[in-house]
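Shown next: run.txt, given as compact mmCIF, C-alpha atoms.
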```
# COMPACT_ATOMS: atom_id res chain seq x y z
CA MET A 1 76.71 98.50 77.57
CA ASP A 2 74.14 98.17 74.79
CA LEU A 3 75.99 96.48 71.94
CA GLN A 4 73.17 95.91 69.49
CA ASN A 5 72.08 99.51 69.17
CA MET A 6 75.50 101.16 69.14
CA ASN A 7 75.52 104.17 66.86
CA PRO A 8 78.15 103.30 64.23
CA SER A 9 79.55 106.82 64.13
CA SER A 10 79.74 107.24 67.91
CA LEU A 11 83.06 107.56 69.65
CA LYS A 12 82.44 104.27 71.44
CA SER A 13 81.86 102.45 68.19
CA ARG A 14 84.83 104.04 66.41
CA PHE A 15 87.10 103.18 69.31
CA ALA A 16 85.78 99.61 69.64
CA THR A 17 86.32 98.94 65.93
CA ARG A 18 89.86 100.28 65.91
CA PHE A 19 90.84 98.60 69.14
CA LEU A 20 89.47 95.22 68.07
CA ARG A 21 91.36 95.46 64.81
CA ALA A 22 94.55 96.18 66.74
CA LEU A 23 93.87 93.29 69.13
CA THR A 24 93.41 90.94 66.20
CA LYS A 25 96.78 91.99 64.80
CA ILE A 26 98.45 91.53 68.17
CA ASN A 27 96.79 88.15 68.55
CA ALA A 28 97.99 87.11 65.12
CA GLN A 29 101.60 87.81 66.11
CA LYS A 30 101.28 85.25 68.87
CA PRO A 31 104.21 82.82 68.84
CA ILE A 32 103.67 79.13 69.62
CA SER A 33 104.86 79.48 73.20
CA SER A 34 102.52 82.32 73.93
CA SER A 35 102.19 82.21 77.67
CA SER A 36 105.68 82.95 78.97
CA SER A 37 105.65 85.93 81.31
CA ARG A 38 107.90 87.89 78.98
CA GLU A 39 105.50 87.34 76.10
CA ILE A 40 102.59 88.36 78.25
CA PHE A 41 104.38 91.52 79.36
CA GLN A 42 105.21 92.50 75.79
CA ARG A 43 101.64 91.83 74.74
CA TYR A 44 100.39 93.95 77.68
CA ARG A 45 102.56 96.84 76.49
CA ARG A 46 101.29 96.48 72.94
CA ILE A 47 97.67 96.29 74.05
CA LYS A 48 97.99 99.37 76.23
CA VAL A 49 99.58 101.37 73.42
CA ALA A 50 96.94 100.09 71.01
CA ALA A 51 94.16 101.20 73.36
CA ASP A 52 95.54 104.72 73.81
CA LYS A 53 96.34 104.98 70.13
CA SER A 54 92.89 103.76 69.08
CA MET A 55 91.21 106.35 71.27
CA ALA A 56 93.46 109.17 70.08
CA TYR A 57 92.82 108.21 66.46
CA SER A 58 89.10 108.04 67.07
CA VAL A 59 89.21 111.63 68.29
CA ARG A 60 91.81 112.59 65.69
CA SER A 61 93.14 116.13 65.78
CA ARG A 62 89.96 117.74 67.03
CA ARG A 63 91.36 118.00 70.53
CA SER A 64 94.66 119.24 71.95
CA TRP A 65 95.04 116.18 74.15
CA SER A 66 94.53 113.75 71.27
CA ARG A 67 96.99 115.67 69.10
CA ALA A 68 99.52 115.51 71.94
CA THR A 69 98.97 111.76 72.35
CA LEU A 70 99.36 111.11 68.63
CA TRP A 71 102.53 113.20 68.52
CA ARG A 72 103.90 111.37 71.54
CA LEU A 73 103.15 107.99 69.94
CA ARG A 74 104.74 109.00 66.65
CA THR A 75 107.97 110.12 68.25
CA ARG A 76 108.27 106.98 70.34
CA SER A 77 110.34 105.24 67.66
CA PRO A 78 113.84 104.61 69.10
CA ARG A 79 115.51 105.89 65.94
CA SER A 80 113.89 109.31 66.20
CA ARG A 81 116.17 112.02 67.56
CA LEU A 82 113.15 114.00 68.68
CA ALA A 83 112.10 111.08 70.82
CA THR A 84 115.44 111.00 72.62
CA LEU A 85 115.30 114.73 73.23
CA ALA A 86 111.73 114.54 74.43
CA ARG A 87 112.54 111.62 76.71
CA ARG A 88 115.57 113.39 78.18
CA SER A 89 113.68 116.59 78.89
CA SER A 90 110.73 114.72 80.38
CA VAL A 91 113.08 112.78 82.68
CA LYS A 92 114.56 116.11 83.80
CA THR A 93 111.15 117.62 84.52
CA ARG A 94 110.07 114.42 86.26
CA THR A 95 113.14 114.56 88.54
CA THR A 96 112.68 118.24 89.36
CA ARG A 97 108.96 117.66 89.92
CA ALA A 98 109.73 114.69 92.16
CA ALA A 99 112.13 116.86 94.15
CA SER A 100 109.59 119.64 94.59
CA HIS A 101 106.92 117.11 95.59
CA GLY A 102 108.82 116.75 98.85
CA ALA A 103 108.26 120.45 99.54
CA THR A 104 105.09 121.47 101.32
CA VAL A 105 102.11 122.96 99.52
CA VAL A 106 102.88 126.33 101.12
CA ASP A 107 106.36 126.40 99.57
CA ARG A 108 105.05 125.64 96.10
CA LYS A 109 102.39 128.28 96.35
CA SER A 110 104.90 130.94 97.35
CA HIS A 111 107.10 130.01 94.39
CA GLY A 112 104.30 130.11 91.83
CA LYS A 113 104.22 133.40 89.99
CA GLU A 114 100.74 133.79 88.53
CA ASN A 115 98.95 131.48 90.85
CA LYS A 116 95.42 132.73 90.30
CA GLU A 117 95.87 132.89 86.54
CA ASP A 118 97.11 129.37 86.02
CA GLY A 119 95.02 127.66 88.69
CA GLY A 120 97.70 126.93 91.28
CA VAL A 121 99.14 123.67 92.48
CA GLU A 122 96.20 121.44 91.61
CA ALA A 123 96.15 122.66 88.02
CA GLU A 124 99.86 121.86 87.74
CA GLU A 125 99.12 118.32 88.87
CA LEU A 126 96.34 118.12 86.31
CA ARG A 127 98.66 119.40 83.59
CA GLU A 128 100.92 116.42 84.16
CA LEU A 129 98.02 114.00 83.75
CA VAL A 130 96.35 115.38 80.65
CA PRO A 131 98.37 114.89 77.44
CA GLY A 132 99.66 118.25 76.23
CA GLY A 133 98.52 119.90 79.43
CA GLU A 134 101.80 121.70 80.01
CA ALA A 135 101.12 124.05 77.13
CA MET A 136 97.51 124.86 78.01
CA ASP A 137 96.13 127.86 79.81
CA LEU A 138 93.64 127.14 82.59
CA CYS A 139 90.52 127.53 80.45
CA ASN A 140 91.72 125.15 77.77
CA LEU A 141 93.07 122.76 80.39
CA LEU A 142 89.67 122.42 82.06
CA ASP A 143 87.91 122.05 78.73
CA GLU A 144 90.36 119.43 77.46
CA THR A 145 90.21 117.58 80.78
CA ALA A 146 86.45 117.19 80.56
CA HIS A 147 86.71 115.67 77.10
CA TYR A 148 89.68 113.55 78.09
CA ILE A 149 87.75 112.07 81.01
CA LYS A 150 84.76 111.25 78.80
CA CYS A 151 87.04 109.45 76.37
CA LEU A 152 88.92 107.59 79.11
CA THR A 153 85.66 106.31 80.61
CA THR A 154 84.53 105.14 77.16
CA GLN A 155 87.88 103.43 76.66
CA VAL A 156 87.58 101.64 80.01
CA GLN A 157 83.98 100.58 79.28
CA VAL A 158 84.83 99.03 75.94
CA MET A 159 88.01 97.33 77.19
CA ARG A 160 86.10 95.85 80.12
CA THR A 161 83.35 94.54 77.84
CA ILE A 162 85.89 92.93 75.53
CA ALA A 163 87.75 91.36 78.45
CA ASN A 164 84.48 89.98 79.82
CA LEU A 165 83.62 88.53 76.43
CA TYR A 166 87.01 86.85 76.22
CA SER A 167 86.48 85.43 79.70
CA LEU A 168 83.42 83.51 78.62
CA HIS A 169 84.20 79.93 77.88
CA MET B 1 86.46 124.42 67.51
CA SER B 2 85.77 125.45 71.08
CA SER B 3 89.46 126.26 71.63
CA ARG B 4 89.35 128.64 68.68
CA ARG B 5 86.30 130.38 70.15
CA SER B 6 87.83 130.71 73.59
CA ARG B 7 91.03 132.04 72.07
CA SER B 8 89.17 134.88 70.31
CA ARG B 9 87.33 135.61 73.55
CA GLN B 10 90.66 135.98 75.31
CA ALA B 11 92.04 138.17 72.53
CA GLY B 12 89.19 140.60 73.13
CA SER B 13 89.55 140.94 76.90
CA ASN B 14 93.28 140.15 76.69
CA ALA B 15 93.87 140.44 80.43
CA ARG B 16 92.54 137.80 82.87
CA ILE B 17 90.36 134.87 82.02
CA SER B 18 86.96 135.65 83.54
CA ASP B 19 86.16 133.95 86.82
CA ASP B 20 82.74 133.02 85.49
CA GLN B 21 84.30 131.10 82.65
CA ILE B 22 86.52 129.21 85.07
CA ASN B 23 83.63 128.47 87.41
CA ASP B 24 81.55 127.17 84.53
CA LEU B 25 84.29 124.85 83.40
CA VAL B 26 85.01 123.70 86.94
CA SER B 27 81.37 122.83 87.59
CA LYS B 28 81.24 121.02 84.26
CA LEU B 29 84.21 118.94 85.41
CA HIS B 30 82.61 118.35 88.77
CA GLN B 31 79.62 116.78 87.09
CA LEU B 32 81.84 114.24 85.38
CA LEU B 33 83.36 112.98 88.60
CA PRO B 34 81.92 109.88 90.24
CA GLU B 35 79.45 110.88 92.94
CA ILE B 36 80.90 108.84 95.77
CA ARG B 37 81.26 111.18 98.71
CA ASN B 38 79.18 114.15 97.66
CA ALA B 39 77.19 115.40 100.59
CA HIS B 40 77.45 119.06 99.58
CA SER B 41 77.74 118.58 95.84
CA ASP B 42 76.91 122.14 94.84
CA LYS B 43 79.38 124.09 96.96
CA VAL B 44 82.73 122.44 96.33
CA SER B 45 85.82 124.57 95.94
CA ALA B 46 87.61 124.67 92.59
CA ALA B 47 90.78 123.33 94.19
CA LYS B 48 88.86 120.32 95.54
CA VAL B 49 87.33 119.63 92.14
CA LEU B 50 90.75 119.74 90.48
CA GLN B 51 92.17 117.46 93.15
CA GLU B 52 89.33 114.97 92.70
CA THR B 53 89.77 115.19 88.93
CA CYS B 54 93.44 114.29 89.23
CA ASN B 55 92.59 111.32 91.42
CA TYR B 56 89.88 110.22 89.03
CA ILE B 57 92.18 110.42 85.98
CA ARG B 58 94.84 108.44 87.84
CA SER B 59 92.32 105.76 88.73
CA LEU B 60 91.19 105.59 85.10
CA HIS B 61 94.80 105.19 83.95
CA THR B 62 95.21 102.37 86.45
CA GLU B 63 92.05 100.71 85.16
CA VAL B 64 93.33 100.88 81.59
CA ASP B 65 96.57 99.32 82.78
CA ASP B 66 94.80 96.51 84.63
CA LEU B 67 92.48 95.81 81.71
CA SER B 68 95.42 95.72 79.30
CA GLU B 69 97.13 93.21 81.56
CA ARG B 70 93.96 91.14 81.81
CA LEU B 71 93.53 91.21 78.03
CA SER B 72 97.13 90.15 77.46
CA GLU B 73 96.59 87.07 79.62
CA LEU B 74 93.26 86.30 77.98
CA LEU B 75 94.73 86.64 74.51
CA ALA B 76 97.32 84.04 75.41
CA THR B 77 94.63 81.42 75.86
CA ALA B 78 92.02 82.60 73.38
CA ASP B 79 91.66 80.74 70.12
CA THR B 80 90.98 82.24 66.72
CA ALA B 81 87.36 81.09 66.64
CA GLN B 82 86.63 82.91 69.86
CA ALA B 83 88.25 86.08 68.57
CA ALA B 84 86.18 85.92 65.38
CA ILE B 85 82.96 85.50 67.34
CA ILE B 86 83.76 88.48 69.54
CA ARG B 87 84.59 90.61 66.53
CA THR B 88 81.29 89.84 64.81
CA LEU B 89 79.36 90.43 68.02
CA LEU B 90 80.79 93.89 68.47
CA MET B 91 80.74 94.96 64.84
CA GLN B 92 77.01 94.53 64.28
```
Please go through the file and, once you have read it, give me the structure as structure tokens.
Amino acid sequence: MDLQNMNPSSLKSRFATRFLRALTKINAQKPISSSSSREIFQRYRRIKVAADKSMAYSVRSRRSWSRATLWRLRTRSPRSRLATLARRSSVKTRTTRAASHGATVVDRKSHGKENKEDGGVEAEELRELVPGGEAMDLCNLLDETAHYIKCLTTQVQVMRTIANLYSLH
Amino acid sequence: MSSRRSRSRQAGSNARISDDQINDLVSKLHQLLPEIRNAHSDKVSAAKVLQETCNYIRSLHTEVDDLSERLSELLATADTAQAAIIRTLLMQ
């Protein structure tokens, strides 16, 4: 990754800036005994959320998937009633989806109503992976997926570079 | 922007999304996938592309997870001077 000539307004640069800022904050909250496994796990959670958040903020509301991510992050607060409702309904869908995963592909295809319209079984799988995918029609889903993948690969690139830099002694 | 455009396109035809549109988007997705086992890269079915896309997204999620874990361990041992150096390196 070419660091010196990074375009300051590029997605990569915007994400790197935000993510580094978040990492610095997380690092600053480090207690004295900072290498217990519980501490490391909590820090891992915070870093992961910071990475996803930084990317979603770098894209802002220009994309359905980023809007969905930002909404999901905002309603994660335990005090929010919306969050509890969202969590309950997502657990329900996860359980029913897990149950139907046992069924064969043939069964699922025969149960799907507008299979050609919505892209079939594979598109359903994709809808679960792309934030906000459940509400998208096939066209938008494919479009959003392409952008989502580009952003994920950028996110991975930058995170890997930072990790490598931190590994240098 | 593009979602607004595609929405007005759909409002006009109203009925089915055109197959050409879908094929265009599917081939666009196909080009983003890593070219590991692509002997016949031009004639892959849409279902296969979607399947590969799902696998690719899952692997990316796993990578983010692993990197977050790695960073959490590195942060435990990093000192403030190191962090400052890294920040200046990446901000230039």
Checklist entry - What gap, in Å, lies between CA of Glu122 (chain A) and CA of Leu60 (chain B)? => result 17.9 Å
Checklist entry - What is the CA of Ile22 (chain B)-CA of Gly119 (chain A) distance in Å, reported with one decimal? => result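 For CA of Ile22 (chain B) relative to CA of Gly119 (chain A), the distance reads 9.4 Å.
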Checklist entry - Residues of chain A within 8 Å of chain B, using only C-alpha atoms, as a ChimeraX atom specification? => result /A:3-4,16-17,20,24,27,30,34-35,40-41,43-45,47-48,62,117,122-123,125-126,129,138-140,142-143,145-146,149-150,152-153,155-156,159-160,162-163,165-167
Item to check | Two-atom distance - CA of Val130 (chain A), CA of Gln42 (chain A) (Å) | outcome: 25.0 Å
Could the centre and edge lengths of an axis-aligned box, enclosing all atoms of region 57-69 of chain B in the file with 3 Å extra on each side, be given in Å to one decimal as AutoDock Vina command-line options?
```
--center_x 94.2 --center_y 101.8 --center_z 84.0 --size_x 11.9 --size_y 23.2 --size_z 15.4
```
Next on the checklist: Applying 6 Å and only C-alpha atoms, which residues near Ser54 (chain A) remain after dropping the ones on its own chain fewer than 6 positions away? List them as a PyMOL selection string.
Outcome noted: chain A and resi 15+18-19
